[in-house]
>>> print(open('final_25.cif').read())   # mmCIF, C-alpha atoms and all ligand atoms; chains and numbers go by the auth columns
data_target
#
loop_
_atom_site.group_PDB
_atom_site.id
_atom_site.type_symbol
_atom_site.label_atom_id
_atom_site.label_comp_id
_atom_site.label_asym_id
_atom_site.label_seq_id
_atom_site.Cartn_x
_atom_site.Cartn_y
_atom_site.Cartn_z
_atom_site.B_iso_or_equiv
_atom_site.auth_seq_id
_atom_site.auth_asym_id
ATOM 1 C CA MET A 1 0.000 0.000 0.000 0.00 1157 A
ATOM 2 C CA ARG A 2 1.093 3.529 -0.759 0.00 1158 A
ATOM 3 C CA VAL A 3 -0.544 6.515 0.936 0.00 1159 A
ATOM 4 C CA THR A 4 -0.086 10.086 -0.189 0.00 1160 A
ATOM 5 C CA ALA A 5 -1.940 13.302 0.529 0.00 1161 A
ATOM 6 C CA ASP A 6 -1.918 16.450 -1.552 0.00 1162 A
ATOM 7 C CA ARG A 7 -1.394 19.324 0.861 0.00 1163 A
ATOM 8 C CA GLU A 8 -2.275 21.819 -1.877 0.00 1164 A
ATOM 9 C CA VAL A 9 -5.876 20.622 -2.103 0.00 1165 A
ATOM 10 C CA CYS A 10 -6.455 19.619 1.545 0.00 1166 A
ATOM 11 C CA VAL A 11 -9.123 21.794 3.155 0.00 1167 A
ATOM 12 C CA GLY A 12 -8.292 20.750 6.713 0.00 1168 A
ATOM 13 C CA ALA A 13 -11.480 18.857 7.426 0.00 1169 A
ATOM 14 C CA GLY A 14 -9.588 16.409 9.617 0.00 1170 A
ATOM 15 C CA LEU A 15 -11.539 13.302 8.685 0.00 1171 A
ATOM 16 C CA CYS A 16 -8.379 11.487 7.706 0.00 1172 A
ATOM 17 C CA ALA A 17 -6.676 12.045 11.060 0.00 1173 A
ATOM 18 C CA MET A 18 -9.841 11.017 12.929 0.00 1174 A
ATOM 19 C CA THR A 19 -10.358 7.926 10.782 0.00 1175 A
ATOM 20 C CA ALA A 20 -6.755 6.738 10.648 0.00 1176 A
ATOM 21 C CA PRO A 21 -4.803 8.567 13.366 0.00 1177 A
ATOM 22 C CA GLY A 22 -1.761 6.371 12.916 0.00 1178 A
ATOM 23 C CA VAL A 23 -1.513 7.237 9.249 0.00 1179 A
ATOM 24 C CA PHE A 24 -2.520 10.900 9.076 0.00 1180 A
ATOM 25 C CA ASP A 25 -2.065 13.966 11.215 0.00 1181 A
ATOM 26 C CA GLN A 26 -2.663 17.679 10.729 0.00 1182 A
ATOM 27 C CA ASP A 27 -0.128 20.439 11.135 0.00 1183 A
ATOM 28 C CA ASP A 28 -0.747 23.635 13.102 0.00 1184 A
ATOM 29 C CA ASP A 29 -2.712 25.042 10.160 0.00 1185 A
ATOM 30 C CA GLY A 30 -4.899 21.939 9.930 0.00 1186 A
ATOM 31 C CA VAL A 31 -3.266 20.733 6.743 0.00 1187 A
ATOM 32 C CA VAL A 32 -2.785 17.001 6.387 0.00 1188 A
ATOM 33 C CA THR A 33 0.524 15.297 6.988 0.00 1189 A
ATOM 34 C CA VAL A 34 1.167 11.629 6.237 0.00 1190 A
ATOM 35 C CA LEU A 35 2.742 9.844 9.189 0.00 1191 A
ATOM 36 C CA THR A 36 3.345 6.607 7.354 0.00 1192 A
ATOM 37 C CA ALA A 37 3.140 6.099 3.611 0.00 1193 A
ATOM 38 C CA ASP A 38 3.142 2.310 3.961 0.00 1194 A
ATOM 39 C CA PRO A 39 0.802 1.440 6.840 0.00 1195 A
ATOM 40 C CA GLY A 40 0.794 -2.006 8.388 0.00 1196 A
ATOM 41 C CA ASP A 41 -2.089 -4.458 8.139 0.00 1197 A
ATOM 42 C CA GLU A 42 -3.843 -3.017 11.174 0.00 1198 A
ATOM 43 C CA ALA A 43 -4.031 0.475 9.685 0.00 1199 A
ATOM 44 C CA ARG A 44 -4.847 -0.263 6.070 0.00 1200 A
ATOM 45 C CA ALA A 45 -8.631 -0.355 6.412 0.00 1201 A
ATOM 46 C CA GLY A 46 -8.567 3.044 8.084 0.00 1202 A
ATOM 47 C CA ALA A 47 -6.331 4.464 5.373 0.00 1203 A
ATOM 48 C CA ARG A 48 -8.714 3.238 2.680 0.00 1204 A
ATOM 49 C CA GLU A 49 -11.679 4.703 4.519 0.00 1205 A
ATOM 50 C CA ALA A 50 -9.907 8.039 4.858 0.00 1206 A
ATOM 51 C CA GLY A 51 -9.352 8.029 1.121 0.00 1207 A
ATOM 52 C CA MET A 52 -13.086 7.614 0.583 0.00 1208 A
ATOM 53 C CA LEU A 53 -14.113 10.162 3.210 0.00 1209 A
ATOM 54 C CA CYS A 54 -11.758 13.015 2.381 0.00 1210 A
ATOM 55 C CA PRO A 55 -14.019 15.765 1.021 0.00 1211 A
ATOM 56 C CA SER A 56 -11.334 17.376 -1.111 0.00 1212 A
ATOM 57 C CA GLY A 57 -9.932 14.262 -2.748 0.00 1213 A
ATOM 58 C CA ALA A 58 -6.529 14.992 -1.260 0.00 1214 A
ATOM 59 C CA VAL A 59 -5.916 11.468 0.036 0.00 1215 A
ATOM 60 C CA HIS A 60 -4.697 8.888 -2.440 0.00 1216 A
ATOM 61 C CA VAL A 61 -4.344 5.233 -1.538 0.00 1217 A
ATOM 62 C CA THR A 62 -2.964 2.651 -3.918 0.00 1218 A
ATOM 63 C CA GLU A 63 -2.704 -1.037 -3.120 0.00 1219 A
HETATM 64 S S1 LIG B . -9.706 14.519 5.207 0.00 1301 A
HETATM 65 FE FE1 LIG B . -8.847 15.429 3.337 0.00 1301 A
HETATM 66 S S2 LIG B . -9.324 17.599 3.498 0.00 1301 A
HETATM 67 FE FE2 LIG B . -9.537 16.699 5.551 0.00 1301 A
HETATM 68 S S3 LIG B . -7.530 17.000 6.551 0.00 1301 A
HETATM 69 FE FE3 LIG B . -7.545 14.988 5.592 0.00 1301 A
HETATM 70 S S4 LIG B . -6.628 15.321 3.561 0.00 1301 A
HETATM 71 FE FE4 LIG B . -7.275 17.304 4.335 0.00 1301 A
#
>>> encode(input="final_25.cif", output="structure tokens")
Amino acid sequence: MRVTADREVCVGAGLCAMTAPGVFDQDDDGVVTVLTADPGDEARAGAREAGMLCPSGAVHVTE
């Protein structure tokens, strides 16, 4: 799995960090940061869900 997030299009909604807190965080401005681009088995479902929930389409998850 490969997780990326486009900080240019992130609107700071925070759904990613709430859904997969081990994979995503937000900086002081609320903009997404990726904590791990290759999450382990236990975090992959959350990463996929974050990709579906992100309202700006900033989160990209490839298997
Ligand atoms: S869910 Fe999307 S818009 Fe919200 S903080 Fe995460 S990447 Fe940004």
>>> closest_residue(input="final_25.cif", among="A:Pro1177, A:Gly1202, A:Gly1196, A:Gly1186", to="ligand LIG 1301 (chain A)", atoms="only C-alpha atoms and all ligand atoms")
A:Gly1186
>>> closest_residue(input="final_25.cif", among="A:Cys1166, A:Val1179, A:Val1215, A:Met1174", to="Asp1197 of chain A", atoms="all atoms listed in the file")
A:Val1179
>>> resolve_selection(input="final_25.cif", expression="the PyMOL selection byres (((not hetatm)) within 7 of (chain A and resi 1301))", output="list in words")
Ala1161, Cys1166, Val1167, Gly1168, Ala1169, Gly1170, Leu1171, Cys1172, Ala1173, Gln1182, Gly1186, Val1187, Val1188, Ala1206, Leu1209, Cys1210, Pro1211, Ser1212, Gly1213, Ala1214 and Val1215 of chain A
>>> write_last_selection(input="final_25.cif", atoms="C-alpha atoms", output="JSON list (two decimals), in the frame of the given file")
[["chain", "number", "residue", "atom", "x", "y", "z"],
["A", 1161, "ALA", "CA", -1.94, 13.30, 0.53],
["A", 1166, "CYS", "CA", -6.46, 19.62, 1.54],
["A", 1167, "VAL", "CA", -9.12, 21.79, 3.16],
["A", 1168, "GLY", "CA", -8.29, 20.75, 6.71],
["A", 1169, "ALA", "CA", -11.48, 18.86, 7.43],
["A", 1170, "GLY", "CA", -9.59, 16.41, 9.62],
["A", 1171, "LEU", "CA", -11.54, 13.30, 8.68],
["A", 1172, "CYS", "CA", -8.38, 11.49, 7.71],
["A", 1173, "ALA", "CA", -6.68, 12.04, 11.06],
["A", 1182, "GLN", "CA", -2.66, 17.68, 10.73],
["A", 1186, "GLY", "CA", -4.90, 21.94, 9.93],
["A", 1187, "VAL", "CA", -3.27, 20.73, 6.74],
["A", 1188, "VAL", "CA", -2.78, 17.00, 6.39],
["A", 1206, "ALA", "CA", -9.91, 8.04, 4.86],
["A", 1209, "LEU", "CA", -14.11, 10.16, 3.21],
["A", 1210, "CYS", "CA", -11.76, 13.02, 2.38],
["A", 1211, "PRO", "CA", -14.02, 15.76, 1.02],
["A", 1212, "SER", "CA", -11.33, 17.38, -1.11],
["A", 1213, "GLY", "CA", -9.93, 14.26, -2.75],
["A", 1214, "ALA", "CA", -6.53, 14.99, -1.26],
["A", 1215, "VAL", "CA", -5.92, 11.47, 0.04]]
>>> atom_distance(input="final_25.cif", atom1="atom CA of Thr1218 of chain A", atom2="atom CA of Arg1158 of chain A")
5.2 Å
>>> resolve_selection(input="final_25.cif", expression="the PyMOL selection byres (((chain A and resi 1200) around 12) and not hetatm)", output="mmCIF file with C-alpha atoms, in the coordinates of the input")
data_model
loop_
_atom_site.group_PDB
_atom_site.id
_atom_site.type_symbol
_atom_site.label_atom_id
_atom_site.label_comp_id
_atom_site.auth_asym_id
_atom_site.auth_seq_id
_atom_site.Cartn_x
_atom_site.Cartn_y
_atom_site.Cartn_z
ATOM 1 C CA MET A 1157 0.000 0.000 0.000
ATOM 2 C CA ARG A 1158 1.093 3.529 -0.759
ATOM 3 C CA VAL A 1159 -0.544 6.515 0.936
ATOM 4 C CA THR A 1175 -10.358 7.926 10.782
ATOM 5 C CA ALA A 1176 -6.755 6.738 10.648
ATOM 6 C CA PRO A 1177 -4.803 8.567 13.366
ATOM 7 C CA GLY A 1178 -1.761 6.371 12.916
ATOM 8 C CA VAL A 1179 -1.513 7.237 9.249
ATOM 9 C CA PHE A 1180 -2.520 10.900 9.076
ATOM 10 C CA THR A 1192 3.345 6.607 7.354
ATOM 11 C CA ALA A 1193 3.140 6.099 3.611
ATOM 12 C CA ASP A 1194 3.142 2.310 3.961
ATOM 13 C CA PRO A 1195 0.802 1.440 6.840
ATOM 14 C CA GLY A 1196 0.794 -2.006 8.388
ATOM 15 C CA ASP A 1197 -2.089 -4.458 8.139
ATOM 16 C CA GLU A 1198 -3.843 -3.017 11.174
ATOM 17 C CA ALA A 1199 -4.031 0.475 9.685
ATOM 18 C CA ALA A 1201 -8.631 -0.355 6.412
ATOM 19 C CA GLY A 1202 -8.567 3.044 8.084
ATOM 20 C CA ALA A 1203 -6.331 4.464 5.373
ATOM 21 C CA ARG A 1204 -8.714 3.238 2.680
ATOM 22 C CA GLU A 1205 -11.679 4.703 4.519
ATOM 23 C CA ALA A 1206 -9.907 8.039 4.858
ATOM 24 C CA GLY A 1207 -9.352 8.029 1.121
ATOM 25 C CA VAL A 1217 -4.344 5.233 -1.538
ATOM 26 C CA THR A 1218 -2.964 2.651 -3.918
ATOM 27 C CA GLU A 1219 -2.704 -1.037 -3.120
#
>>> axis_aligned_box(input="final_25.cif", around="segment 1209-1217 of chain A", padding_each_side="5 Å", output="lines of an AutoDock Vina configuration file")
center_x = -9.2
center_y = 11.3
center_z = 0.2
size_x = 19.8
size_y = 22.1
size_z = 16.0
>>> build_atoms(input="final_25.cif", residues="segment 1169-1180 of chain A", atoms="all heavy atoms", output="PDB file, in the coordinates of the input")
ATOM      1  N   ALA A1169     -10.272  19.389   6.796  1.00  0.00           N
ATOM      2  CA  ALA A1169     -11.480  18.857   7.426  1.00  0.00           C
ATOM      3  C   ALA A1169     -11.165  17.891   8.570  1.00  0.00           C
ATOM      4  O   ALA A1169     -11.970  17.727   9.477  1.00  0.00           O
ATOM      5  CB  ALA A1169     -12.357  18.165   6.390  1.00  0.00           C
ATOM      6  N   GLY A1170     -10.025  17.254   8.514  1.00  0.00           N
ATOM      7  CA  GLY A1170      -9.588  16.409   9.617  1.00  0.00           C
ATOM      8  C   GLY A1170     -10.159  15.012   9.649  1.00  0.00           C
ATOM      9  O   GLY A1170      -9.868  14.250  10.572  1.00  0.00           O
ATOM     10  N   LEU A1171     -10.951  14.645   8.661  1.00  0.00           N
ATOM     11  CA  LEU A1171     -11.539  13.302   8.685  1.00  0.00           C
ATOM     12  C   LEU A1171     -10.477  12.224   8.585  1.00  0.00           C
ATOM     13  O   LEU A1171     -10.627  11.152   9.180  1.00  0.00           O
ATOM     14  CB  LEU A1171     -12.542  13.157   7.531  1.00  0.00           C
ATOM     15  CG  LEU A1171     -13.833  13.964   7.700  1.00  0.00           C
ATOM     16  CD1 LEU A1171     -14.646  13.927   6.424  1.00  0.00           C
ATOM     17  CD2 LEU A1171     -14.644  13.419   8.863  1.00  0.00           C
ATOM     18  N   CYS A1172      -9.429  12.493   7.861  1.00  0.00           N
ATOM     19  CA  CYS A1172      -8.379  11.487   7.706  1.00  0.00           C
ATOM     20  C   CYS A1172      -7.715  11.189   9.048  1.00  0.00           C
ATOM     21  O   CYS A1172      -7.539  10.023   9.414  1.00  0.00           O
ATOM     22  CB  CYS A1172      -7.356  11.936   6.679  1.00  0.00           C
ATOM     23  SG  CYS A1172      -6.601  13.536   7.046  1.00  0.00           S
ATOM     24  N   ALA A1173      -7.365  12.244   9.784  1.00  0.00           N
ATOM     25  CA  ALA A1173      -6.676  12.045  11.060  1.00  0.00           C
ATOM     26  C   ALA A1173      -7.590  11.399  12.096  1.00  0.00           C
ATOM     27  O   ALA A1173      -7.132  10.660  12.966  1.00  0.00           O
ATOM     28  CB  ALA A1173      -6.151  13.386  11.573  1.00  0.00           C
ATOM     29  N   MET A1174      -8.900  11.656  12.004  1.00  0.00           N
ATOM     30  CA  MET A1174      -9.841  11.017  12.929  1.00  0.00           C
ATOM     31  C   MET A1174     -10.065   9.560  12.555  1.00  0.00           C
ATOM     32  O   MET A1174     -10.234   8.709  13.424  1.00  0.00           O
ATOM     33  CB  MET A1174     -11.172  11.776  12.923  1.00  0.00           C
ATOM     34  CG  MET A1174     -11.122  13.079  13.677  1.00  0.00           C
ATOM     35  SD  MET A1174     -12.738  13.835  13.877  1.00  0.00           S
ATOM     36  CE  MET A1174     -12.977  14.555  12.264  1.00  0.00           C
ATOM     37  N   THR A1175     -10.065   9.275  11.263  1.00  0.00           N
ATOM     38  CA  THR A1175     -10.358   7.926  10.782  1.00  0.00           C
ATOM     39  C   THR A1175      -9.146   7.010  10.897  1.00  0.00           C
ATOM     40  O   THR A1175      -9.285   5.828  11.242  1.00  0.00           O
ATOM     41  CB  THR A1175     -10.821   7.995   9.314  1.00  0.00           C
ATOM     42  OG1 THR A1175     -11.937   8.873   9.229  1.00  0.00           O
ATOM     43  CG2 THR A1175     -11.208   6.614   8.804  1.00  0.00           C
ATOM     44  N   ALA A1176      -7.983   7.540  10.621  1.00  0.00           N
ATOM     45  CA  ALA A1176      -6.755   6.738  10.648  1.00  0.00           C
ATOM     46  C   ALA A1176      -5.652   7.552  11.326  1.00  0.00           C
ATOM     47  O   ALA A1176      -4.731   8.048  10.678  1.00  0.00           O
ATOM     48  CB  ALA A1176      -6.360   6.349   9.230  1.00  0.00           C
ATOM     49  N   PRO A1177      -5.736   7.687  12.653  1.00  0.00           N
ATOM     50  CA  PRO A1177      -4.803   8.567  13.366  1.00  0.00           C
ATOM     51  C   PRO A1177      -3.350   8.102  13.318  1.00  0.00           C
ATOM     52  O   PRO A1177      -2.456   8.897  13.566  1.00  0.00           O
ATOM     53  CB  PRO A1177      -5.359   8.570  14.801  1.00  0.00           C
ATOM     54  CG  PRO A1177      -6.194   7.340  14.910  1.00  0.00           C
ATOM     55  CD  PRO A1177      -6.752   7.093  13.529  1.00  0.00           C
ATOM     56  N   GLY A1178      -3.133   6.836  13.025  1.00  0.00           N
ATOM     57  CA  GLY A1178      -1.761   6.371  12.916  1.00  0.00           C
ATOM     58  C   GLY A1178      -1.143   6.649  11.560  1.00  0.00           C
ATOM     59  O   GLY A1178       0.064   6.510  11.375  1.00  0.00           O
ATOM     60  N   VAL A1179      -1.983   7.030  10.625  1.00  0.00           N
ATOM     61  CA  VAL A1179      -1.513   7.237   9.249  1.00  0.00           C
ATOM     62  C   VAL A1179      -1.443   8.719   8.896  1.00  0.00           C
ATOM     63  O   VAL A1179      -0.535   9.147   8.192  1.00  0.00           O
ATOM     64  CB  VAL A1179      -2.438   6.504   8.250  1.00  0.00           C
ATOM     65  CG1 VAL A1179      -1.948   6.682   6.815  1.00  0.00           C
ATOM     66  CG2 VAL A1179      -2.532   5.017   8.611  1.00  0.00           C
ATOM     67  N   PHE A1180      -2.437   9.484   9.416  1.00  0.00           N
ATOM     68  CA  PHE A1180      -2.520  10.900   9.076  1.00  0.00           C
ATOM     69  C   PHE A1180      -2.491  11.758  10.335  1.00  0.00           C
ATOM     70  O   PHE A1180      -2.960  11.358  11.393  1.00  0.00           O
ATOM     71  CB  PHE A1180      -3.828  11.211   8.338  1.00  0.00           C
ATOM     72  CG  PHE A1180      -4.036  10.411   7.092  1.00  0.00           C
ATOM     73  CD1 PHE A1180      -4.800   9.258   7.119  1.00  0.00           C
ATOM     74  CD2 PHE A1180      -3.471  10.800   5.887  1.00  0.00           C
ATOM     75  CE1 PHE A1180      -5.001   8.506   5.968  1.00  0.00           C
ATOM     76  CE2 PHE A1180      -3.662  10.058   4.733  1.00  0.00           C
ATOM     77  CZ  PHE A1180      -4.437   8.905   4.778  1.00  0.00           C
TER      78      PHE A1180
END
